[in-house]
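A.B. asks: What follows is the file entry36.cif, containing mmCIF, C-alpha atoms:
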```cif
data_protein
loop_
_atom_site.label_atom_id
_atom_site.label_comp_id
_atom_site.auth_asym_id
_atom_site.auth_seq_id
_atom_site.Cartn_x
_atom_site.Cartn_y
_atom_site.Cartn_z
CA MET F 1 -0.94 -3.48 43.04
CA ASN F 2 -1.58 -2.05 39.60
CA ARG F 3 1.23 -0.34 37.72
CA SER F 4 0.87 3.23 36.69
CA LEU F 5 0.43 3.90 32.99
CA GLY F 6 3.91 5.41 32.82
CA GLN F 7 5.47 2.34 34.43
CA ALA F 8 3.53 0.03 32.12
CA VAL F 9 4.57 1.89 28.98
CA ARG F 10 8.24 1.85 30.03
CA TRP F 11 7.99 -1.89 30.70
CA ALA F 12 6.32 -2.49 27.35
CA GLU F 13 8.95 -0.47 25.53
CA GLN F 14 11.70 -2.63 27.06
CA VAL F 15 9.88 -5.88 26.27
CA LEU F 16 9.27 -4.87 22.65
CA ALA F 17 12.82 -3.61 22.14
CA GLU F 18 14.18 -6.93 23.43
CA ALA F 19 11.88 -8.71 20.96
CA GLY F 20 13.45 -6.77 18.08
CA VAL F 21 10.62 -4.32 17.44
CA ASP F 22 12.25 -1.20 15.96
CA SER F 23 9.42 1.13 16.96
CA ALA F 24 9.18 -0.15 20.54
CA ARG F 25 8.27 3.17 22.20
CA THR F 26 5.71 4.10 19.57
CA ASP F 27 4.09 0.66 19.61
CA ALA F 28 3.94 0.63 23.41
CA LEU F 29 2.07 3.93 23.35
CA LEU F 30 -0.22 2.95 20.47
CA LEU F 31 -1.24 -0.29 22.16
CA ALA F 32 -2.20 1.64 25.27
CA ALA F 33 -3.98 4.21 23.13
CA HIS F 34 -5.98 1.44 21.46
CA LEU F 35 -7.17 0.02 24.78
CA MET F 36 -7.94 3.43 26.27
CA GLY F 37 -9.62 4.91 23.20
CA LEU F 38 -7.18 7.81 23.19
CA SER F 39 -4.56 9.29 20.90
CA ARG F 40 -0.87 8.66 21.45
CA GLY F 41 -0.44 12.20 22.76
CA GLU F 42 -3.31 11.76 25.19
CA VAL F 43 -1.72 8.56 26.51
CA GLU F 44 1.54 10.41 27.14
CA ALA F 45 -0.36 13.13 28.98
CA ARG F 46 -2.26 10.59 31.10
CA ALA F 47 1.04 8.88 31.95
CA ILE F 48 2.41 12.13 33.31
CA ILE F 49 -0.53 12.63 35.67
CA GLY F 50 -0.34 9.07 36.99
CA ALA F 51 -3.19 7.22 35.27
CA GLU F 52 -3.38 3.45 35.72
CA GLU F 53 -2.38 0.75 33.26
CA PRO F 54 -5.38 -0.30 31.14
CA ALA F 55 -6.79 -3.79 31.51
CA GLY F 56 -5.41 -6.28 29.00
CA TYR F 57 -2.30 -4.24 28.24
CA ALA F 58 0.24 -6.90 29.24
CA GLU F 59 -1.48 -9.51 27.06
CA LEU F 60 -1.50 -7.18 24.06
CA VAL F 61 2.17 -6.32 24.55
CA ALA F 62 3.00 -10.03 24.71
CA GLU F 63 1.29 -10.56 21.35
CA ARG F 64 3.26 -7.70 19.81
CA ALA F 65 6.47 -9.14 21.27
CA ARG F 66 5.67 -12.32 19.34
CA ARG F 67 5.80 -10.03 16.29
CA VAL F 68 2.10 -10.06 15.55
CA PRO F 69 1.71 -6.85 13.49
CA LEU F 70 0.63 -3.81 15.45
CA GLN F 71 -2.14 -3.23 12.91
CA HIS F 72 -3.58 -6.71 13.52
CA LEU F 73 -3.76 -5.97 17.23
CA THR F 74 -5.36 -2.56 16.85
CA GLY F 75 -7.40 -3.45 13.76
CA VAL F 76 -6.39 -0.32 11.87
CA ALA F 77 -3.65 1.02 9.61
CA HIS F 78 -3.04 4.70 8.99
CA PHE F 79 -2.44 5.52 5.33
CA ARG F 80 -2.19 9.07 4.03
CA TYR F 81 -5.37 10.77 5.32
CA LEU F 82 -7.27 7.56 6.05
CA THR F 83 -7.64 5.04 8.85
CA LEU F 84 -8.14 1.64 7.23
CA ALA F 85 -9.54 -1.56 8.68
CA VAL F 86 -7.00 -4.38 8.43
CA GLY F 87 -6.35 -7.77 9.97
CA PRO F 88 -5.32 -11.35 9.20
CA GLY F 89 -5.54 -12.25 5.54
CA VAL F 90 -4.83 -8.83 4.05
CA PHE F 91 -1.55 -7.07 3.28
CA VAL F 92 -0.96 -4.21 5.70
CA PRO F 93 -0.38 -1.05 3.60
CA ARG F 94 3.10 0.45 3.94
CA PRO F 95 4.09 4.12 4.03
CA GLU F 96 6.19 3.72 0.86
CA THR F 97 3.02 3.05 -1.14
CA GLU F 98 1.90 6.60 -0.34
CA THR F 99 4.46 7.70 -2.97
CA VAL F 100 2.56 5.69 -5.57
CA VAL F 101 -0.71 7.32 -4.55
CA GLN F 102 0.86 10.77 -4.81
CA ALA F 103 1.90 10.07 -8.39
CA VAL F 104 -1.71 9.15 -9.19
CA ILE F 105 -3.10 12.22 -7.41
CA ASP F 106 -0.70 14.54 -9.24
CA GLU F 107 -1.64 13.00 -12.60
CA LEU F 108 -5.38 13.20 -11.94
CA ARG F 109 -5.18 16.83 -10.90
CA ALA F 110 -3.21 17.61 -14.06
CA GLN F 111 -5.83 15.82 -16.16
CA LEU F 112 -8.65 17.72 -14.45
CA ALA F 113 -6.85 21.00 -15.08
CA ALA F 114 -6.49 20.01 -18.74
CA GLY F 115 -10.23 19.48 -19.03
CA VAL F 116 -10.60 15.71 -18.56
CA HIS F 117 -14.09 15.23 -17.11
CA ARG F 118 -14.40 12.62 -14.35
CA PRO F 119 -11.15 10.73 -15.05
CA ARG F 120 -11.41 6.95 -14.73
CA VAL F 121 -8.92 5.12 -12.50
CA VAL F 122 -8.32 1.36 -12.15
CA ASP F 123 -6.43 -0.13 -9.18
CA LEU F 124 -5.09 -3.59 -10.06
CA GLY F 125 -4.72 -5.83 -7.00
CA THR F 126 -6.19 -3.45 -4.45
CA GLY F 127 -5.58 -5.54 -1.30
CA SER F 128 -6.98 -3.54 1.62
CA GLY F 129 -8.22 -0.90 -0.81
CA ALA F 130 -5.66 1.63 0.43
CA ILE F 131 -4.80 3.08 -2.98
CA ALA F 132 -8.35 3.11 -4.32
CA ALA F 133 -9.76 4.61 -1.13
CA SER F 134 -7.11 7.33 -1.06
CA VAL F 135 -7.75 8.27 -4.69
CA ALA F 136 -11.50 8.33 -4.14
CA HIS F 137 -11.06 10.46 -1.02
CA GLU F 138 -8.55 12.94 -2.42
CA VAL F 139 -9.92 13.27 -5.96
CA PRO F 140 -13.70 12.92 -5.59
CA GLN F 141 -14.18 13.79 -9.28
CA ALA F 142 -12.51 10.51 -10.28
CA ARG F 143 -14.39 7.32 -11.12
CA VAL F 144 -12.49 4.59 -9.30
CA HIS F 145 -12.52 0.85 -10.04
CA ALA F 146 -10.58 -1.81 -8.11
CA VAL F 147 -10.01 -5.55 -8.41
CA GLU F 148 -8.78 -8.07 -5.83
CA LEU F 149 -8.22 -11.81 -6.23
CA SER F 150 -8.26 -12.89 -2.57
CA GLU F 151 -11.73 -13.29 -1.07
CA THR F 152 -10.41 -12.34 2.37
CA ALA F 153 -8.63 -9.21 1.16
CA HIS F 154 -11.67 -8.34 -0.96
CA ALA F 155 -13.78 -8.32 2.21
CA TRP F 156 -11.38 -5.91 3.92
CA ALA F 157 -11.33 -3.71 0.80
CA ALA F 158 -15.14 -3.65 0.73
CA GLU F 159 -15.12 -2.34 4.28
CA ASN F 160 -12.56 0.35 3.49
CA LEU F 161 -14.24 1.40 0.24
CA ARG F 162 -17.74 1.61 1.67
CA GLY F 163 -19.27 4.99 0.86
CA THR F 164 -16.67 5.93 -1.77
CA ARG F 165 -18.72 4.83 -4.82
CA THR F 166 -15.70 2.80 -5.94
CA GLU F 167 -16.53 -0.23 -8.08
CA LEU F 168 -14.84 -3.19 -6.37
CA VAL F 169 -14.79 -6.60 -8.04
CA LEU F 170 -13.48 -9.99 -6.99
CA GLY F 171 -11.26 -11.20 -9.81
CA ASP F 172 -7.88 -11.47 -11.51
CA LEU F 173 -5.95 -8.36 -12.46
CA ARG F 174 -4.98 -10.11 -15.70
CA THR F 175 -8.52 -10.07 -17.06
CA ALA F 176 -10.44 -7.54 -14.95
CA PHE F 177 -12.73 -4.90 -16.42
CA PRO F 178 -12.91 -5.99 -20.07
CA GLU F 179 -15.71 -3.46 -20.50
CA LEU F 180 -13.24 -0.64 -19.73
CA GLU F 181 -10.61 -1.56 -22.32
CA GLY F 182 -9.15 1.55 -23.90
CA ARG F 183 -11.30 3.83 -21.74
CA CYS F 184 -9.20 4.43 -18.63
CA ASP F 185 -7.23 7.57 -17.83
CA VAL F 186 -5.04 6.12 -15.05
CA VAL F 187 -4.09 2.58 -14.05
CA VAL F 188 -2.21 1.96 -10.81
CA SER F 189 -0.92 -1.24 -9.26
CA ASN F 190 0.99 -2.42 -6.23
CA PRO F 191 1.20 -6.08 -7.27
CA PRO F 192 3.05 -8.82 -5.41
CA TYR F 193 6.67 -8.63 -6.53
CA ILE F 194 8.90 -10.59 -4.13
CA PRO F 195 10.95 -13.27 -5.98
CA ALA F 196 10.14 -16.90 -5.24
CA GLY F 197 13.44 -17.52 -3.48
CA ALA F 198 13.38 -14.40 -1.31
CA VAL F 199 11.96 -14.33 2.20
CA PRO F 200 10.92 -11.09 3.92
CA ARG F 201 13.28 -10.12 6.72
CA ASP F 202 10.65 -8.89 9.17
CA PRO F 203 8.58 -11.55 10.96
CA GLU F 204 5.51 -9.35 10.65
CA ALA F 205 5.61 -9.71 6.86
CA ARG F 206 7.10 -13.21 6.69
CA GLU F 207 4.62 -14.80 9.10
CA HIS F 208 1.52 -12.66 8.85
CA ASP F 209 1.18 -11.05 5.41
CA PRO F 210 -0.59 -13.45 3.00
CA ALA F 211 1.74 -15.14 0.52
CA LEU F 212 -0.67 -14.22 -2.28
CA ALA F 213 0.10 -10.57 -1.60
CA LEU F 214 3.88 -11.00 -1.36
CA TYR F 215 5.26 -13.27 -4.07
CA GLY F 216 5.10 -12.01 -7.64
CA GLY F 217 5.78 -15.30 -9.37
CA GLY F 218 8.90 -16.58 -11.08
CA GLU F 219 12.51 -16.34 -10.02
CA ASP F 220 12.54 -12.58 -10.56
CA GLY F 221 9.18 -11.94 -8.87
CA LEU F 222 7.96 -10.12 -11.97
CA GLU F 223 5.29 -12.48 -13.31
CA LEU F 224 2.42 -10.49 -11.80
CA PRO F 225 4.04 -7.09 -12.47
CA ARG F 226 4.30 -8.16 -16.15
CA ALA F 227 0.60 -9.04 -16.05
CA ALA F 228 -0.19 -5.65 -14.54
CA VAL F 229 1.72 -3.93 -17.35
CA ALA F 230 -0.21 -5.96 -19.93
CA SER F 231 -3.51 -5.03 -18.32
CA ALA F 232 -2.52 -1.38 -18.25
CA VAL F 233 -1.85 -1.53 -22.00
CA ARG F 234 -5.27 -3.12 -22.45
CA LEU F 235 -7.17 -0.64 -20.27
CA LEU F 236 -5.57 2.74 -20.94
CA ARG F 237 -6.66 5.21 -23.57
CA PRO F 238 -3.97 6.89 -25.71
CA GLY F 239 -2.19 9.33 -23.42
CA GLY F 240 -3.30 7.41 -20.33
CA PHE F 241 -0.98 7.11 -17.32
CA PHE F 242 0.30 3.99 -15.53
CA VAL F 243 2.28 3.72 -12.30
CA MET F 244 3.37 0.55 -10.50
CA GLU F 245 5.18 -0.14 -7.25
CA HIS F 246 8.15 -2.53 -7.17
CA ALA F 247 11.26 -3.40 -5.18
CA GLU F 248 14.20 -1.03 -5.39
CA VAL F 249 16.33 -3.63 -7.21
CA GLN F 250 13.60 -4.16 -9.82
CA ALA F 251 13.55 -0.53 -11.02
CA GLY F 252 15.61 -1.13 -14.13
CA ALA F 253 13.74 -4.28 -15.12
CA VAL F 254 10.34 -2.61 -14.65
CA ALA F 255 11.42 0.42 -16.68
CA ARG F 256 12.38 -1.94 -19.50
CA LEU F 257 9.04 -3.73 -19.20
CA LEU F 258 7.20 -0.47 -19.73
CA ASP F 259 9.50 0.56 -22.55
CA HIS F 260 9.04 -2.76 -24.36
CA ALA F 261 5.26 -2.52 -23.87
CA GLY F 262 5.28 0.76 -25.77
CA PHE F 263 4.98 3.22 -22.90
CA VAL F 264 6.59 6.64 -23.29
CA GLU F 265 7.76 9.17 -20.70
CA VAL F 266 8.90 6.27 -18.50
CA VAL F 267 10.18 7.66 -15.22
CA GLY F 268 11.03 6.32 -11.76
CA HIS F 269 9.57 7.59 -8.49
CA GLN F 270 11.42 7.47 -5.20
CA ASP F 271 9.89 6.92 -1.77
CA LEU F 272 10.59 9.12 1.26
CA THR F 273 13.79 7.19 1.98
CA GLY F 274 15.16 7.88 -1.52
CA ARG F 275 14.65 4.33 -2.80
CA ASP F 276 13.38 3.66 -6.33
CA ARG F 277 9.90 2.52 -5.36
CA ALA F 278 7.70 2.90 -8.45
CA THR F 279 7.88 3.40 -12.20
CA ALA F 280 5.39 5.30 -14.34
CA GLY F 281 4.76 5.70 -18.05
CA ARG F 282 2.21 6.95 -20.52
CA ARG F 283 0.48 5.29 -23.45
CA PRO F 284 1.56 7.06 -26.63
CA ARG F 285 -0.90 9.34 -28.35
CA PRO F 286 -1.55 8.82 -32.07
CA GLY F 287 1.36 10.18 -34.05
CA SER F 288 3.62 10.62 -31.02
CA ALA F 289 7.20 9.37 -30.95
CA THR F 290 7.92 6.24 -28.92
CA GLY F 291 10.70 5.68 -26.47
CA SER F 292 11.32 6.42 -22.82
CA ALA F 293 12.92 9.15 -20.78
CA THR F 294 13.87 7.16 -17.73
CA GLY F 295 14.38 9.11 -14.52
CA SER F 296 15.54 7.49 -11.29
CA ALA F 297 14.89 3.98 -12.58
CA THR F 298 18.15 2.30 -13.49
CA ASP F 299 19.22 -0.75 -15.44
CA GLU F 300 20.75 -2.28 -12.33
CA GLY F 301 19.16 -5.13 -10.41
CA MET F 302 16.88 -7.86 -11.65
CA GLY F 303 16.69 -8.72 -15.32
CA GLU F 304 13.50 -9.33 -17.22
#
```
Could you quickly redo this structure as structure tokens?
C.D. replies:
Amino acid sequence: MNRSLGQAVRWAEQVLAEAGVDSARTDALLLAAHLMGLSRGEVEARAIIGAEEPAGYAELVAERARRVPLQHLTGVAHFRYLTLAVGPGVFVPRPETETVVQAVIDELRAQLAAGVHRPRVVDLGTGSGAIAASVAHEVPQARVHAVELSETAHAWAAENLRGTRTELVLGDLRTAFPELEGRCDVVVSNPPYIPAGAVPRDPEAREHDPALALYGGGEDGLELPRAAVASAVRLLRPGGFFVMEHAEVQAGAVARLLDHAGFVEVVGHQDLTGRDRATAGRRPRPGSATGSATGSATDEGMGE
């Protein structure tokens, strides 16, 4: 005899909670929603009126209990106002990166208000294309360029950037877009930044996110972030804006990286949980004073 949808969701919630999934109730509902082609709210409504468990639900719940990422099972990740295609071989975008996008959006809108025509944005290490796609969607006046080193991630980004007129290239963030040197208004990056000796706590990241997207190189994890800073210096026009995501403990080191690279107005940005998640700075304009005015970024944590 088939279980009712309500019984199945309660069972799935228990199974996922026992497997250590923090969002057990939400994931149980979203897996059912995926199979039924409904929203989470619609699944809850159907459960109340006694709908049946969808075919294949138990198998999908078992996969999630083995800590396969929810997004790999549903094939999508929700990021800001977008639904992105994701799967094996690409880093699943996290909510904390939405803070980085907001910093870019705020800067672009300020530039547009100041009379900058069609500001040019470069996303270094785009992964799934989450940042580039969000910028293209929310600021259609911007000219967006993105680079990704992994062929697999590049394919996912191409899917997510289709129809946005974003220029996507397969290449290294260290050397990408030589034709744009000194011509960019905003550069943004969420590079790999986990130190070599650190291992992600969550099995979803540890076992399923590609290593190329996790580990930043070197004992401090800052080899690729340093490269992103160098590329930002190369690409930005005077007065151009740069923002980069990093680990909370790297805030002080990244602020010093920007300061030493000649950025001014260096300031930290916190995510929705209050953690130092990104650091931004501006290329000095001719004749302007150098030096930083560091905000929430601190000198604590990892050294350069």
A.B. asks: Write out as an MDAnalysis selection string each polymer residue whose atoms come within 12 Å of F:Val61, counting all atoms listed in the file; drop sequence neighbours fewer than 2 positions from it.
C.D. replies: chainID F and resid 8:17 19 21 24:25 27:32 34:35 54:59 63:70 73:74
A.B. asks: Run through the PyMOL selection byres ((chain F and resi 126-131) around 7) on the given coordinates and return the selected residues as a VMD selection string.
C.D. replies: chain F and resid 86 90 to 91 93 101 123 to 125 132 to 135 146 to 148 153 to 154 156 to 157 160 to 161
A.B. asks: Could you please determine the separation between atom CA of F:Val43 and atom CA of F:Gly6 in Å, to one decimal place?
C.D. replies: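 Separating atom CA of F:Val43 from atom CA of F:Gly6 is a distance of 9.0 Å.
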A.B. asks: Would you mind reading off the distance between atom CA of F:Ala253 and atom CA of F:Gly287, one decimal, in Å?
C.D. replies: 26.8 Å
A.B. asks: Selection in question (the file shown): the PyMOL selection byres ((chain F and resi 120) around 8). Which residues does it include, as a list in words?
C.D. replies: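 Here the PyMOL selection byres ((chain F and resi 120) around 8) matches Arg118, Pro119, Val121, Val122, Ala142, Arg143, Val144, His145, Arg183, Cys184, Asp185 and Val186 of chain F.
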A.B. asks: Within 8 Å of (-2.1, -14.9, 5.2), only C-alpha atoms: residues as a list in words?
C.D. replies: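 Checking each residue against the 8 Å limit leaves Pro88, Gly89, Val90, Glu207, His208, Asp209, Pro210, Ala211 and Leu212 of chain F.
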A.B. asks: What does the PyMOL selection byres ((chain F and resi 237) around 12) select in this file, as number ranges by chain?
C.D. replies: F: 119-121, 180-187, 231-236, 238-242, 263, 282-286
A.B. asks: Determine the nearest neighbour of F:Asn190 from the options F:His246, F:Arg109, F:Arg256, F:Arg80, counting only C-alpha atoms.
C.D. replies: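 Of all the options, F:His246 lies closest to F:Asn190.
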A.B. asks: Quick one: stretch 188-211 of chain F with N, CA, C and O atoms, as a PDB file, keeping the file's coordinate frame?
C.D. replies:
```pdb
ATOM      1  N   VAL F 188      -3.213   2.023 -11.874  1.00  0.00           N
ATOM      2  CA  VAL F 188      -2.210   1.960 -10.810  1.00  0.00           C
ATOM      3  C   VAL F 188      -2.189   0.550 -10.254  1.00  0.00           C
ATOM      4  O   VAL F 188      -3.215  -0.131 -10.226  1.00  0.00           O
ATOM      5  N   SER F 189      -1.015   0.100  -9.830  1.00  0.00           N
ATOM      6  CA  SER F 189      -0.920  -1.240  -9.260  1.00  0.00           C
ATOM      7  C   SER F 189       0.221  -1.320  -8.261  1.00  0.00           C
ATOM      8  O   SER F 189       1.301  -0.773  -8.482  1.00  0.00           O
ATOM      9  N   ASN F 190      -0.054  -1.991  -7.147  1.00  0.00           N
ATOM     10  CA  ASN F 190       0.990  -2.420  -6.230  1.00  0.00           C
ATOM     11  C   ASN F 190       0.880  -3.943  -6.155  1.00  0.00           C
ATOM     12  O   ASN F 190       0.353  -4.502  -5.201  1.00  0.00           O
ATOM     13  N   PRO F 191       1.375  -4.619  -7.203  1.00  0.00           N
ATOM     14  CA  PRO F 191       1.200  -6.080  -7.270  1.00  0.00           C
ATOM     15  C   PRO F 191       2.205  -6.777  -6.369  1.00  0.00           C
ATOM     16  O   PRO F 191       3.203  -6.182  -5.925  1.00  0.00           O
ATOM     17  N   PRO F 192       1.997  -8.052  -6.068  1.00  0.00           N
ATOM     18  CA  PRO F 192       3.050  -8.820  -5.410  1.00  0.00           C
ATOM     19  C   PRO F 192       4.288  -8.827  -6.299  1.00  0.00           C
ATOM     20  O   PRO F 192       4.175  -8.975  -7.517  1.00  0.00           O
ATOM     21  N   TYR F 193       5.470  -8.673  -5.691  1.00  0.00           N
ATOM     22  CA  TYR F 193       6.670  -8.630  -6.530  1.00  0.00           C
ATOM     23  C   TYR F 193       7.904  -9.276  -5.893  1.00  0.00           C
ATOM     24  O   TYR F 193       8.997  -9.205  -6.430  1.00  0.00           O
ATOM     25  N   ILE F 194       7.750  -9.942  -4.754  1.00  0.00           N
ATOM     26  CA  ILE F 194       8.900 -10.590  -4.130  1.00  0.00           C
ATOM     27  C   ILE F 194       9.263 -11.854  -4.918  1.00  0.00           C
ATOM     28  O   ILE F 194       8.381 -12.654  -5.247  1.00  0.00           O
ATOM     29  N   PRO F 195      10.544 -12.056  -5.258  1.00  0.00           N
ATOM     30  CA  PRO F 195      10.950 -13.270  -5.980  1.00  0.00           C
ATOM     31  C   PRO F 195      10.675 -14.529  -5.170  1.00  0.00           C
ATOM     32  O   PRO F 195      10.647 -14.505  -3.934  1.00  0.00           O
ATOM     33  N   ALA F 196      10.506 -15.638  -5.881  1.00  0.00           N
ATOM     34  CA  ALA F 196      10.140 -16.900  -5.240  1.00  0.00           C
ATOM     35  C   ALA F 196      11.147 -17.314  -4.166  1.00  0.00           C
ATOM     36  O   ALA F 196      10.769 -17.860  -3.126  1.00  0.00           O
ATOM     37  N   GLY F 197      12.430 -17.070  -4.414  1.00  0.00           N
ATOM     38  CA  GLY F 197      13.440 -17.520  -3.480  1.00  0.00           C
ATOM     39  C   GLY F 197      13.747 -16.556  -2.354  1.00  0.00           C
ATOM     40  O   GLY F 197      14.552 -16.875  -1.464  1.00  0.00           O
ATOM     41  N   ALA F 198      13.128 -15.407  -2.343  1.00  0.00           N
ATOM     42  CA  ALA F 198      13.380 -14.400  -1.310  1.00  0.00           C
ATOM     43  C   ALA F 198      12.373 -14.541  -0.182  1.00  0.00           C
ATOM     44  O   ALA F 198      11.222 -14.886  -0.407  1.00  0.00           O
ATOM     45  N   VAL F 199      12.829 -14.264   1.037  1.00  0.00           N
ATOM     46  CA  VAL F 199      11.960 -14.330   2.200  1.00  0.00           C
ATOM     47  C   VAL F 199      12.032 -12.999   2.916  1.00  0.00           C
ATOM     48  O   VAL F 199      13.129 -12.492   3.185  1.00  0.00           O
ATOM     49  N   PRO F 200      10.893 -12.383   3.218  1.00  0.00           N
ATOM     50  CA  PRO F 200      10.920 -11.090   3.920  1.00  0.00           C
ATOM     51  C   PRO F 200      11.701 -11.175   5.228  1.00  0.00           C
ATOM     52  O   PRO F 200      11.612 -12.173   5.956  1.00  0.00           O
ATOM     53  N   ARG F 201      12.453 -10.135   5.513  1.00  0.00           N
ATOM     54  CA  ARG F 201      13.280 -10.120   6.720  1.00  0.00           C
ATOM     55  C   ARG F 201      12.435 -10.004   7.985  1.00  0.00           C
ATOM     56  O   ARG F 201      12.683 -10.681   8.973  1.00  0.00           O
ATOM     57  N   ASP F 202      11.432  -9.147   7.964  1.00  0.00           N
ATOM     58  CA  ASP F 202      10.650  -8.890   9.170  1.00  0.00           C
ATOM     59  C   ASP F 202       9.638 -10.004   9.420  1.00  0.00           C
ATOM     60  O   ASP F 202       8.901 -10.398   8.501  1.00  0.00           O
ATOM     61  N   PRO F 203       9.564 -10.513  10.653  1.00  0.00           N
ATOM     62  CA  PRO F 203       8.580 -11.550  10.960  1.00  0.00           C
ATOM     63  C   PRO F 203       7.147 -11.114  10.703  1.00  0.00           C
ATOM     64  O   PRO F 203       6.304 -11.943  10.353  1.00  0.00           O
ATOM     65  N   GLU F 204       6.865  -9.825  10.878  1.00  0.00           N
ATOM     66  CA  GLU F 204       5.510  -9.350  10.650  1.00  0.00           C
ATOM     67  C   GLU F 204       5.050  -9.643   9.224  1.00  0.00           C
ATOM     68  O   GLU F 204       3.903 -10.061   9.007  1.00  0.00           O
ATOM     69  N   ALA F 205       5.945  -9.426   8.256  1.00  0.00           N
ATOM     70  CA  ALA F 205       5.610  -9.710   6.860  1.00  0.00           C
ATOM     71  C   ALA F 205       5.731 -11.200   6.563  1.00  0.00           C
ATOM     72  O   ALA F 205       4.847 -11.804   5.951  1.00  0.00           O
ATOM     73  N   ARG F 206       6.822 -11.804   7.007  1.00  0.00           N
ATOM     74  CA  ARG F 206       7.100 -13.210   6.690  1.00  0.00           C
ATOM     75  C   ARG F 206       6.017 -14.145   7.227  1.00  0.00           C
ATOM     76  O   ARG F 206       5.621 -15.106   6.563  1.00  0.00           O
ATOM     77  N   GLU F 207       5.529 -13.866   8.425  1.00  0.00           N
ATOM     78  CA  GLU F 207       4.620 -14.800   9.100  1.00  0.00           C
ATOM     79  C   GLU F 207       3.157 -14.380   9.060  1.00  0.00           C
ATOM     80  O   GLU F 207       2.273 -15.200   9.342  1.00  0.00           O
ATOM     81  N   HIS F 208       2.898 -13.132   8.717  1.00  0.00           N
ATOM     82  CA  HIS F 208       1.520 -12.660   8.850  1.00  0.00           C
ATOM     83  C   HIS F 208       0.930 -12.060   7.575  1.00  0.00           C
ATOM     84  O   HIS F 208      -0.289 -12.073   7.424  1.00  0.00           O
ATOM     85  N   ASP F 209       1.738 -11.516   6.675  1.00  0.00           N
ATOM     86  CA  ASP F 209       1.180 -11.050   5.410  1.00  0.00           C
ATOM     87  C   ASP F 209       0.884 -12.264   4.532  1.00  0.00           C
ATOM     88  O   ASP F 209       1.682 -13.207   4.474  1.00  0.00           O
ATOM     89  N   PRO F 210      -0.261 -12.282   3.841  1.00  0.00           N
ATOM     90  CA  PRO F 210      -0.590 -13.450   3.000  1.00  0.00           C
ATOM     91  C   PRO F 210       0.397 -13.604   1.863  1.00  0.00           C
ATOM     92  O   PRO F 210       0.787 -12.632   1.216  1.00  0.00           O
ATOM     93  N   ALA F 211       0.784 -14.856   1.592  1.00  0.00           N
ATOM     94  CA  ALA F 211       1.740 -15.140   0.520  1.00  0.00           C
ATOM     95  C   ALA F 211       1.233 -14.627  -0.818  1.00  0.00           C
ATOM     96  O   ALA F 211       2.018 -14.176  -1.659  1.00  0.00           O
TER      97      ALA F 211
END
```
